[in-house]
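Q: Sharing data-v1.cif, mmCIF, C-alpha atoms:
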```cif
data_work
loop_
_atom_site.label_atom_id
_atom_site.label_comp_id
_atom_site.auth_asym_id
_atom_site.auth_seq_id
_atom_site.Cartn_x
_atom_site.Cartn_y
_atom_site.Cartn_z
CA MET A 1 -18.09 28.29 29.86
CA PRO A 2 -17.82 24.66 28.78
CA LYS A 3 -16.60 24.03 25.23
CA VAL A 4 -16.97 21.35 22.61
CA THR A 5 -13.42 20.35 21.80
CA CYS A 6 -11.69 17.85 19.62
CA GLU A 7 -8.12 16.76 19.38
CA ILE A 8 -6.82 14.31 16.88
CA SER A 9 -3.60 13.15 15.26
CA MET A 10 -3.33 13.78 11.53
CA SER A 11 -0.66 12.97 8.95
CA LEU A 12 0.88 15.74 6.88
CA ASP A 13 -1.13 14.49 3.92
CA GLY A 14 -4.33 14.84 5.93
CA PHE A 15 -5.25 11.35 7.11
CA ILE A 16 -6.34 10.22 10.58
CA ALA A 17 -6.14 6.52 9.62
CA GLY A 18 -4.10 4.79 6.96
CA PRO A 19 -5.41 2.72 4.05
CA ASN A 20 -7.57 -0.36 4.70
CA ASP A 21 -8.86 0.61 8.15
CA LYS A 22 -11.34 -1.95 9.47
CA PRO A 23 -12.00 -3.94 12.63
CA GLY A 24 -8.69 -5.53 13.59
CA ASN A 25 -6.82 -2.81 11.65
CA GLY A 26 -8.57 0.19 13.20
CA LEU A 27 -5.77 2.66 12.46
CA GLY A 28 -5.27 1.45 8.89
CA ASP A 29 -1.94 0.51 7.31
CA GLY A 30 0.79 2.59 8.91
CA GLY A 31 -1.72 4.50 11.02
CA GLU A 32 -0.03 3.55 14.29
CA ARG A 33 2.67 5.99 13.20
CA LEU A 34 0.26 8.85 13.95
CA HIS A 35 -0.06 7.79 17.55
CA GLU A 36 3.48 6.83 18.49
CA TRP A 37 3.96 10.21 20.16
CA VAL A 38 0.98 9.68 22.46
CA THR A 39 1.31 6.01 23.35
CA ALA A 40 4.76 6.80 24.76
CA LEU A 41 3.41 9.36 27.25
CA GLU A 42 3.07 8.84 30.99
CA SER A 43 -0.43 10.39 31.08
CA TRP A 44 -1.67 8.16 28.25
CA ARG A 45 -0.16 5.06 29.81
CA GLU A 46 -1.70 5.86 33.20
CA ARG A 47 -5.14 6.00 31.52
CA HIS A 48 -4.50 2.63 29.99
CA ASN A 49 -3.36 1.14 33.30
CA LEU A 50 0.24 0.94 32.15
CA SER A 51 3.20 2.18 34.16
CA GLY A 52 6.11 4.31 33.05
CA GLY A 53 6.25 6.53 30.01
CA GLU A 54 7.55 9.98 29.24
CA ALA A 55 6.69 12.97 31.41
CA GLY A 56 7.03 16.51 30.09
CA ARG A 57 5.09 18.98 28.00
CA ASP A 58 3.30 16.49 25.72
CA SER A 59 2.20 14.42 28.68
CA GLU A 60 0.91 17.50 30.51
CA LEU A 61 -0.94 18.60 27.40
CA LEU A 62 -2.77 15.29 27.24
CA GLU A 63 -3.44 15.23 30.97
CA GLU A 64 -4.99 18.70 30.68
CA SER A 65 -7.38 17.42 28.00
CA PHE A 66 -8.33 14.41 30.11
CA LYS A 67 -9.06 16.68 33.08
CA ASN A 68 -11.17 19.15 31.09
CA ALA A 69 -13.42 16.51 29.58
CA GLY A 70 -16.69 15.84 31.40
CA ALA A 71 -18.10 13.70 28.61
CA VAL A 72 -16.93 12.24 25.32
CA LEU A 73 -18.70 12.04 21.96
CA VAL A 74 -17.63 9.41 19.42
CA GLY A 75 -18.84 7.87 16.18
CA ARG A 76 -19.89 4.28 15.92
CA ARG A 77 -16.72 3.15 14.21
CA MET A 78 -14.64 4.52 17.06
CA PHE A 79 -16.80 2.72 19.58
CA ASP A 80 -16.20 -0.54 17.76
CA ASN A 81 -12.51 0.05 18.36
CA ALA A 82 -13.14 1.08 21.97
CA GLU A 83 -14.79 -2.24 22.72
CA GLU A 84 -11.43 -3.84 22.17
CA TRP A 85 -10.13 -1.81 25.07
CA GLY A 86 -11.84 -4.14 27.50
CA ASP A 87 -13.63 -3.62 30.79
CA ASP A 88 -11.81 -0.46 31.91
CA PRO A 89 -11.74 1.92 28.94
CA PRO A 90 -9.58 5.03 29.26
CA PHE A 91 -12.44 7.56 29.07
CA ARG A 92 -13.55 7.46 32.75
CA VAL A 93 -16.50 9.72 31.92
CA PRO A 94 -19.83 9.16 30.14
CA VAL A 95 -19.32 8.45 26.44
CA PHE A 96 -22.06 9.12 23.87
CA VAL A 97 -21.94 7.08 20.69
CA VAL A 98 -23.61 8.39 17.53
CA THR A 99 -25.30 5.45 15.82
CA HIS A 100 -28.36 4.60 13.79
CA ARG A 101 -28.56 1.31 15.67
CA PRO A 102 -29.31 2.28 19.29
CA ARG A 103 -28.80 -0.36 21.96
CA GLU A 104 -28.80 -0.55 25.72
CA LYS A 105 -26.44 1.60 27.74
CA LEU A 106 -23.20 -0.12 28.68
CA VAL A 107 -21.64 0.44 32.08
CA LYS A 108 -17.92 -0.23 32.36
CA GLU A 109 -15.41 0.05 35.17
CA GLY A 110 -13.78 3.35 36.13
CA ALA A 111 -16.82 5.59 35.47
CA THR A 112 -16.92 4.92 31.72
CA THR A 113 -20.43 4.43 30.34
CA PHE A 114 -21.50 4.14 26.71
CA THR A 115 -24.86 5.64 25.72
CA PHE A 116 -26.06 5.10 22.14
CA VAL A 117 -27.85 7.99 20.48
CA ASP A 118 -29.30 8.37 16.98
CA GLY A 119 -28.15 11.72 15.57
CA VAL A 120 -25.00 13.73 16.21
CA GLU A 121 -26.79 16.80 17.55
CA GLN A 122 -28.94 14.71 19.86
CA ALA A 123 -25.82 12.95 21.13
CA LEU A 124 -24.10 16.29 21.69
CA ASP A 125 -27.06 17.58 23.71
CA GLN A 126 -26.85 14.56 25.99
CA ALA A 127 -23.07 14.87 26.24
CA ARG A 128 -23.32 18.55 27.23
CA ALA A 129 -25.83 17.71 29.93
CA ALA A 130 -23.61 14.94 31.28
CA ALA A 131 -20.48 17.13 31.16
CA GLY A 132 -22.05 19.90 33.25
CA ALA A 133 -19.42 22.58 33.82
CA LYS A 134 -16.76 20.60 31.94
CA ASP A 135 -16.02 20.30 28.23
CA VAL A 136 -17.36 17.77 25.78
CA SER A 137 -14.44 16.09 24.05
CA VAL A 138 -15.11 14.75 20.58
CA GLY A 139 -13.08 11.60 20.06
CA GLY A 140 -13.79 11.22 16.35
CA GLY A 141 -13.97 9.81 13.81
CA ALA A 142 -13.76 12.11 10.85
CA THR A 143 -17.47 11.95 10.03
CA VAL A 144 -18.58 13.15 13.45
CA ILE A 145 -15.94 15.90 13.50
CA GLN A 146 -16.96 17.09 10.03
CA GLN A 147 -20.65 17.08 10.93
CA LEU A 148 -20.03 19.16 14.06
CA MET A 149 -17.76 21.64 12.28
CA LYS A 150 -20.18 22.14 9.41
CA ALA A 151 -23.01 22.70 11.90
CA GLY A 152 -20.89 25.29 13.74
CA LEU A 153 -20.93 23.19 16.91
CA LEU A 154 -17.20 22.69 17.47
CA ASP A 155 -15.51 25.37 19.59
CA GLU A 156 -11.95 24.14 19.42
CA LEU A 157 -9.98 21.77 17.23
CA GLN A 158 -6.50 20.64 18.13
CA ILE A 159 -4.54 18.82 15.46
CA HIS A 160 -1.47 16.84 16.41
CA LEU A 161 0.30 17.06 13.06
CA ALA A 162 2.59 14.07 12.53
CA PRO A 163 5.49 14.44 10.08
CA VAL A 164 4.51 11.46 8.00
CA PHE A 165 2.66 10.65 4.80
CA LEU A 166 0.17 7.78 4.93
CA GLY A 167 -0.53 7.92 1.19
CA GLY A 168 -4.24 7.23 1.60
CA GLY A 169 -6.84 6.27 4.16
CA ARG A 170 -9.39 8.30 6.05
CA PRO A 171 -9.06 12.07 5.54
CA LEU A 172 -9.89 14.34 8.46
CA PHE A 173 -11.34 17.02 6.18
CA GLU A 174 -13.59 16.30 3.20
CA ASP A 175 -15.84 18.74 1.35
CA MET A 176 -15.56 21.21 4.20
CA GLY A 177 -16.71 24.16 2.14
CA GLN A 178 -14.88 27.43 2.66
CA MET A 179 -14.35 28.40 6.29
CA GLU A 180 -12.03 30.64 8.27
CA LEU A 181 -10.40 29.50 11.49
CA GLU A 182 -8.16 31.21 13.98
CA CYS A 183 -4.97 29.55 15.11
CA THR A 184 -4.95 30.03 18.87
CA ARG A 185 -1.90 28.04 19.94
CA VAL A 186 1.11 26.30 18.40
CA ILE A 187 3.29 23.96 20.42
CA GLU A 188 6.34 22.41 18.83
CA SER A 189 7.37 19.03 20.11
CA PRO A 190 9.95 16.60 18.76
CA ALA A 191 7.38 14.12 17.46
CA VAL A 192 4.37 16.20 16.40
CA THR A 193 3.27 19.82 16.12
CA HIS A 194 0.25 20.70 18.24
CA LEU A 195 -1.94 23.17 16.36
CA ARG A 196 -5.03 24.54 18.07
CA TYR A 197 -7.76 26.28 16.08
CA ARG A 198 -11.04 28.04 16.74
CA PRO A 199 -13.52 28.01 13.86
CA ARG A 200 -14.76 31.52 13.05
CA ARG A 201 -18.52 31.96 13.09
CA MET B 1 25.96 22.53 0.25
CA PRO B 2 23.18 23.82 -1.99
CA LYS B 3 19.72 22.38 -1.40
CA VAL B 4 16.57 21.80 -3.37
CA THR B 5 13.90 23.62 -1.41
CA CYS B 6 10.23 24.35 -1.74
CA GLU B 7 7.94 26.60 0.17
CA ILE B 8 4.27 26.85 -0.44
CA SER B 9 1.06 28.05 1.21
CA MET B 10 -1.48 25.34 1.99
CA SER B 11 -4.95 25.39 3.51
CA LEU B 12 -5.72 23.34 6.60
CA ASP B 13 -7.68 20.95 4.38
CA GLY B 14 -4.61 20.48 2.17
CA PHE B 15 -5.15 22.64 -0.90
CA ILE B 16 -2.71 25.01 -2.59
CA ALA B 17 -5.40 26.40 -4.91
CA GLY B 18 -9.16 26.58 -4.49
CA PRO B 19 -11.80 25.02 -6.74
CA ASN B 20 -11.95 25.97 -10.44
CA ASP B 21 -8.36 27.11 -10.88
CA LYS B 22 -7.62 28.07 -14.49
CA PRO B 23 -6.00 30.92 -16.40
CA GLY B 24 -7.56 34.12 -15.10
CA ASN B 25 -8.42 32.35 -11.80
CA GLY B 26 -4.98 30.90 -11.11
CA LEU B 27 -5.47 30.55 -7.36
CA GLY B 28 -8.94 29.04 -7.70
CA ASP B 29 -12.04 30.19 -5.83
CA GLY B 30 -11.01 31.59 -2.46
CA GLY B 31 -7.35 30.71 -3.10
CA GLU B 32 -6.18 34.30 -2.61
CA ARG B 33 -6.93 33.66 1.07
CA LEU B 34 -3.83 31.42 1.19
CA HIS B 35 -1.58 34.25 0.12
CA GLU B 36 -2.93 37.23 2.03
CA TRP B 37 -0.16 36.83 4.60
CA VAL B 38 2.56 37.13 1.94
CA THR B 39 1.17 39.83 -0.32
CA ALA B 40 1.10 42.17 2.69
CA LEU B 41 4.84 41.79 3.34
CA GLU B 42 7.46 44.42 2.60
CA SER B 43 9.87 41.88 1.04
CA TRP B 44 7.17 40.47 -1.25
CA ARG B 45 6.06 43.94 -2.30
CA GLU B 46 9.63 45.02 -3.04
CA ARG B 47 9.98 42.01 -5.38
CA HIS B 48 6.82 43.09 -7.15
CA ASN B 49 7.98 46.71 -7.45
CA LEU B 50 5.48 47.90 -4.88
CA SER B 51 6.31 50.15 -1.95
CA GLY B 52 5.31 49.78 1.69
CA GLY B 53 4.17 46.61 3.40
CA GLU B 54 4.84 44.94 6.72
CA ALA B 55 8.36 44.42 8.02
CA GLY B 56 9.09 41.83 10.74
CA ARG B 57 9.65 38.11 11.05
CA ASP B 58 7.47 36.95 8.15
CA SER B 59 9.05 39.48 5.81
CA GLU B 60 12.57 38.45 6.87
CA LEU B 61 11.65 34.79 6.36
CA LEU B 62 10.62 35.48 2.80
CA GLU B 63 13.62 37.71 2.13
CA GLU B 64 15.88 34.87 3.35
CA SER B 65 14.29 32.51 0.82
CA PHE B 66 14.69 35.00 -2.00
CA LYS B 67 18.38 35.45 -1.10
CA ASN B 68 19.13 31.73 -0.92
CA ALA B 69 17.63 30.92 -4.31
CA GLY B 70 20.05 30.80 -7.24
CA ALA B 71 17.51 29.31 -9.61
CA VAL B 72 13.83 28.45 -9.62
CA LEU B 73 12.02 25.37 -10.91
CA VAL B 74 8.33 25.56 -11.81
CA GLY B 75 5.68 23.58 -13.62
CA ARG B 76 4.09 24.75 -16.82
CA ARG B 77 0.85 25.85 -15.18
CA MET B 78 2.73 28.12 -12.82
CA PHE B 79 4.60 29.62 -15.73
CA ASP B 80 1.29 30.42 -17.40
CA ASN B 81 0.43 32.43 -14.31
CA ALA B 82 3.90 34.00 -14.21
CA GLU B 83 3.45 35.40 -17.69
CA GLU B 84 0.75 37.64 -16.27
CA TRP B 85 3.37 39.20 -14.04
CA GLY B 86 4.68 41.19 -16.99
CA ASP B 87 8.13 42.20 -18.11
CA ASP B 88 9.81 42.25 -14.68
CA PRO B 89 8.84 39.01 -12.90
CA PRO B 90 9.75 38.70 -9.21
CA PHE B 91 12.17 35.77 -9.62
CA ARG B 92 15.31 37.74 -10.64
CA VAL B 93 17.16 34.46 -11.25
CA PRO B 94 17.02 31.83 -14.00
CA VAL B 95 13.72 29.96 -13.96
CA PHE B 96 13.39 26.45 -15.42
CA VAL B 97 9.94 25.43 -16.59
CA VAL B 98 9.02 21.74 -16.82
CA THR B 99 6.98 21.26 -19.97
CA HIS B 100 6.36 18.75 -22.73
CA ARG B 101 6.17 21.67 -25.16
CA PRO B 102 9.65 23.23 -25.18
CA ARG B 103 10.02 26.67 -26.70
CA GLU B 104 12.72 29.30 -26.97
CA LYS B 105 14.26 30.77 -23.85
CA LEU B 106 12.62 33.99 -22.67
CA VAL B 107 14.73 36.80 -21.27
CA LYS B 108 12.94 39.26 -19.02
CA GLU B 109 14.05 42.33 -17.08
CA GLY B 110 15.75 42.08 -13.70
CA ALA B 111 17.76 38.89 -14.39
CA THR B 112 14.71 36.65 -14.78
CA THR B 113 14.99 34.16 -17.63
CA PHE B 114 12.65 31.29 -18.48
CA THR B 115 14.17 28.10 -19.91
CA PHE B 116 11.80 25.33 -21.01
CA VAL B 117 12.85 21.76 -20.32
CA ASP B 118 11.12 18.46 -20.99
CA GLY B 119 11.28 16.32 -17.83
CA VAL B 120 11.43 17.31 -14.17
CA GLU B 121 14.80 15.69 -13.47
CA GLN B 122 16.36 17.27 -16.55
CA ALA B 123 14.99 20.66 -15.51
CA LEU B 124 16.39 20.15 -12.01
CA ASP B 125 19.84 19.33 -13.38
CA GLN B 126 19.87 22.57 -15.37
CA ALA B 127 18.56 24.55 -12.38
CA ARG B 128 21.28 23.13 -10.11
CA ALA B 129 23.93 24.11 -12.63
CA ALA B 130 22.52 27.63 -12.91
CA ALA B 131 22.21 28.03 -9.14
CA GLY B 132 25.86 27.18 -8.51
CA ALA B 133 26.51 27.51 -4.76
CA LYS B 134 22.96 28.63 -4.07
CA ASP B 135 19.73 26.66 -3.60
CA VAL B 136 17.22 25.62 -6.20
CA SER B 137 13.80 26.85 -5.11
CA VAL B 138 10.84 24.85 -6.39
CA GLY B 139 7.94 27.22 -6.99
CA GLY B 140 5.32 24.55 -7.66
CA GLY B 141 2.78 23.47 -8.60
CA ALA B 142 1.72 20.35 -6.79
CA THR B 143 2.65 17.96 -9.59
CA VAL B 144 6.28 19.08 -9.73
CA ILE B 145 6.58 19.04 -5.93
CA GLN B 146 5.10 15.54 -5.74
CA GLN B 147 7.37 14.25 -8.50
CA LEU B 148 10.48 15.59 -6.76
CA MET B 149 9.46 14.27 -3.35
CA LYS B 150 8.66 10.81 -4.68
CA ALA B 151 12.02 10.74 -6.48
CA GLY B 152 13.79 11.72 -3.25
CA LEU B 153 15.05 14.95 -4.82
CA LEU B 154 13.57 17.51 -2.44
CA ASP B 155 15.79 18.41 0.54
CA GLU B 156 13.48 20.78 2.35
CA LEU B 157 9.76 21.55 2.27
CA GLN B 158 8.33 24.56 4.05
CA ILE B 159 4.56 24.71 4.35
CA HIS B 160 2.89 27.98 5.25
CA LEU B 161 -0.24 26.53 6.81
CA ALA B 162 -3.17 28.94 6.50
CA PRO B 163 -6.06 28.57 8.99
CA VAL B 164 -8.70 28.22 6.33
CA PHE B 165 -10.66 25.53 4.53
CA LEU B 166 -10.96 25.84 0.76
CA GLY B 167 -13.35 22.90 0.47
CA GLY B 168 -11.78 21.61 -2.73
CA GLY B 169 -9.25 22.50 -5.41
CA ARG B 170 -5.71 21.39 -5.97
CA PRO B 171 -4.27 19.22 -3.16
CA LEU B 172 -0.57 19.57 -2.34
CA PHE B 173 -0.24 15.88 -1.52
CA GLU B 174 -1.80 13.09 -3.53
CA ASP B 175 -0.92 9.41 -3.47
CA MET B 176 2.33 10.17 -1.70
CA GLY B 177 2.82 6.64 -0.49
CA GLN B 178 4.12 6.19 3.05
CA MET B 179 7.04 8.42 3.96
CA GLU B 180 8.66 9.79 7.11
CA LEU B 181 9.72 13.41 7.41
CA GLU B 182 11.46 15.35 10.12
CA CYS B 183 10.03 18.65 11.30
CA THR B 184 13.06 20.94 11.50
CA ARG B 185 11.48 24.30 12.35
CA VAL B 186 8.13 25.71 13.45
CA ILE B 187 7.44 29.44 13.41
CA GLU B 188 4.14 30.75 14.68
CA SER B 189 2.89 33.93 13.08
CA PRO B 190 -0.49 35.62 13.40
CA ALA B 191 -1.60 34.73 9.87
CA VAL B 192 0.00 31.35 9.11
CA THR B 193 2.14 28.68 10.76
CA HIS B 194 5.49 28.09 9.05
CA LEU B 195 6.34 24.38 9.18
CA ARG B 196 9.65 23.23 7.76
CA TYR B 197 10.28 19.56 6.99
CA ARG B 198 13.11 17.40 5.75
CA PRO B 199 12.07 14.18 4.01
CA ARG B 200 13.83 11.15 5.48
CA ARG B 201 15.71 9.05 3.00
#
```
The structure given in the file should be rewritten as structure tokens.
A:
Amino acid sequence: MPKVTCEISMSLDGFIAGPNDKPGNGLGDGGERLHEWVTALESWRERHNLSGGEAGRDSELLEESFKNAGAVLVGRRMFDNAEEWGDDPPFRVPVFVVTHRPREKLVKEGATTFTFVDGVEQALDQARAAAGAKDVSVGGGATVIQQLMKAGLLDELQIHLAPVFLGGGRPLFEDMGQMELECTRVIESPAVTHLRYRPRR
Amino acid sequence: MPKVTCEISMSLDGFIAGPNDKPGNGLGDGGERLHEWVTALESWRERHNLSGGEAGRDSELLEESFKNAGAVLVGRRMFDNAEEWGDDPPFRVPVFVVTHRPREKLVKEGATTFTFVDGVEQALDQARAAAGAKDVSVGGGATVIQQLMKAGLLDELQIHLAPVFLGGGRPLFEDMGQMELECTRVIESPAVTHLRYRPRR
């Protein structure tokens, strides 16, 4: 049964981007520190057409997520960052962008397409259809993740918890209300702790 | 070498007490959910003069912390809660309370004393002296923990991460600035994930 999944790097003080995030500083001040663990991995580098990198458990973990994803759902802000990634973005599956300003579908190299949809639930429906028997992977940002969680539409959330304070920026969780989750997997790695949760319905 | 340590239960959205915490509702709305894992433990119940409870890894973990602590440092709000615990509080060591309103030392049963000190660093000095070769355990709340971390005075922070959202309340980390920590131990348990960190100097 295909799932709606999300995995995202978060600082110990709860931020997924540092202060002052904006185009040109998409991760915010210090935010690159959240992603150091992943940009060093072989499987990440392969997706970004780079050679080398570290093999091992973290790399396999990421490769597993890439393989399970039949479609990706992102917010508009994340797409603005993705555009910087050029003509061969690392998704290699259909990407659905939640936006109030729909535009024509973009077709990139390597099987990545961007389809613009008004409304997070509408975008999810299209992503599910495109993913078929595979999972829909939610790429972020925080707003889209929060909307899906509050609507009970996220099946699995994996947090890569980085041992760092960013001191401010974009929090992953805001006004979530009270909710129970189940921790379904913990993987310790030198750079981050991988914590997988299933929201309880 | 004795350490200054802190361990505290935190929700996945970063709160150590739920909304509306005040005397009579010290954990805030829903905040008891953070502590369910600990109040069920044999070692916690023994400290509170209750029989029974669960043995096992979590209970040993807590017992280890009790044994290592030669003195405890708490904020004034936490002391207000502690007073509800009656004549035989669970500390069983000297407790130093940071407060701008010093008062006479309180002597309770079971080796617990409360000494009131103006200023967190002054209180820490007295706690270190009282602890001798043992650790100083910081009981909270968030303000005291933040002050010690920002001053570089906390050697070890253990977060018991509960798989729950509280939706609001008292955040453990606020305006921490940018700081690196090292994750020194991860223990998975059914109810919480125990994450131990060492701030990097």
Q: Check every residue of chain A for an atom within 6 Å of chain B, counting only C-alpha atoms, and provide those that qualify as number ranges by chain.
A: A: 13, 163-167, 173, 175-181
Q: Print the selection's residues with C-alpha atoms to a file, as a short mmCIF file (atom, residue, chain, number, x, y, z; two decimals), in the coordinates of the input.
A:
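Contents of the output file again-v8.cif:
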```
data_model
loop_
_atom_site.label_atom_id
_atom_site.label_comp_id
_atom_site.auth_asym_id
_atom_site.auth_seq_id
_atom_site.Cartn_x
_atom_site.Cartn_y
_atom_site.Cartn_z
CA ASP A 13 -1.13 14.49 3.92
CA PRO A 163 5.49 14.44 10.08
CA VAL A 164 4.51 11.46 8.00
CA PHE A 165 2.66 10.65 4.80
CA LEU A 166 0.17 7.78 4.93
CA GLY A 167 -0.53 7.92 1.19
CA PHE A 173 -11.34 17.02 6.18
CA ASP A 175 -15.84 18.74 1.35
CA MET A 176 -15.56 21.21 4.20
CA GLY A 177 -16.71 24.16 2.14
CA GLN A 178 -14.88 27.43 2.66
CA MET A 179 -14.35 28.40 6.29
CA GLU A 180 -12.03 30.64 8.27
CA LEU A 181 -10.40 29.50 11.49
#
```
Q: What's the 7 Å shell around region 101-118 of chain B, counting only C-alpha atoms, without same-chain residues fewer than 6 positions away, as a count of residues only?
A: 8
Q: Take the PyMOL selection byres ((chain B and resi 43) around 10), run it mentally on this structure, and tell me the resulting residues as an MDAnalysis selection string.
A: chainID B and resid 38:42 44:56 58:64 66
Q: To test your reading of the syntax: which residues would the PyMOL selection byres ((chain A and resi 2) around 12) return for the file shown? Reply as a PyMOL selection string.
A: chain A and resi 1+3-5+68-71+127-137+154-156
Q: Would you compute the distance between CA of Arg201 (chain B) and CA of Gln158 (chain B)? Give it in Å to one decimal.
A: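 Going from CA of Arg201 (chain B) over to CA of Gln158 (chain B), I get 17.2 Å.
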Q: Please measure the separation of CA of Leu73 (chain A) and CA of Phe15 (chain B), giving the value in Å to one decimal.
A: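 Atom-to-atom, CA of Leu73 (chain A) and CA of Phe15 (chain B) are spaced 28.6 Å apart.
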Q: Distance CA of Glu32 (chain B)-CA of Ile8 (chain B), one decimal place?
A: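 CA of Ile8 (chain B) lies 13.0 Å from CA of Glu32 (chain B).
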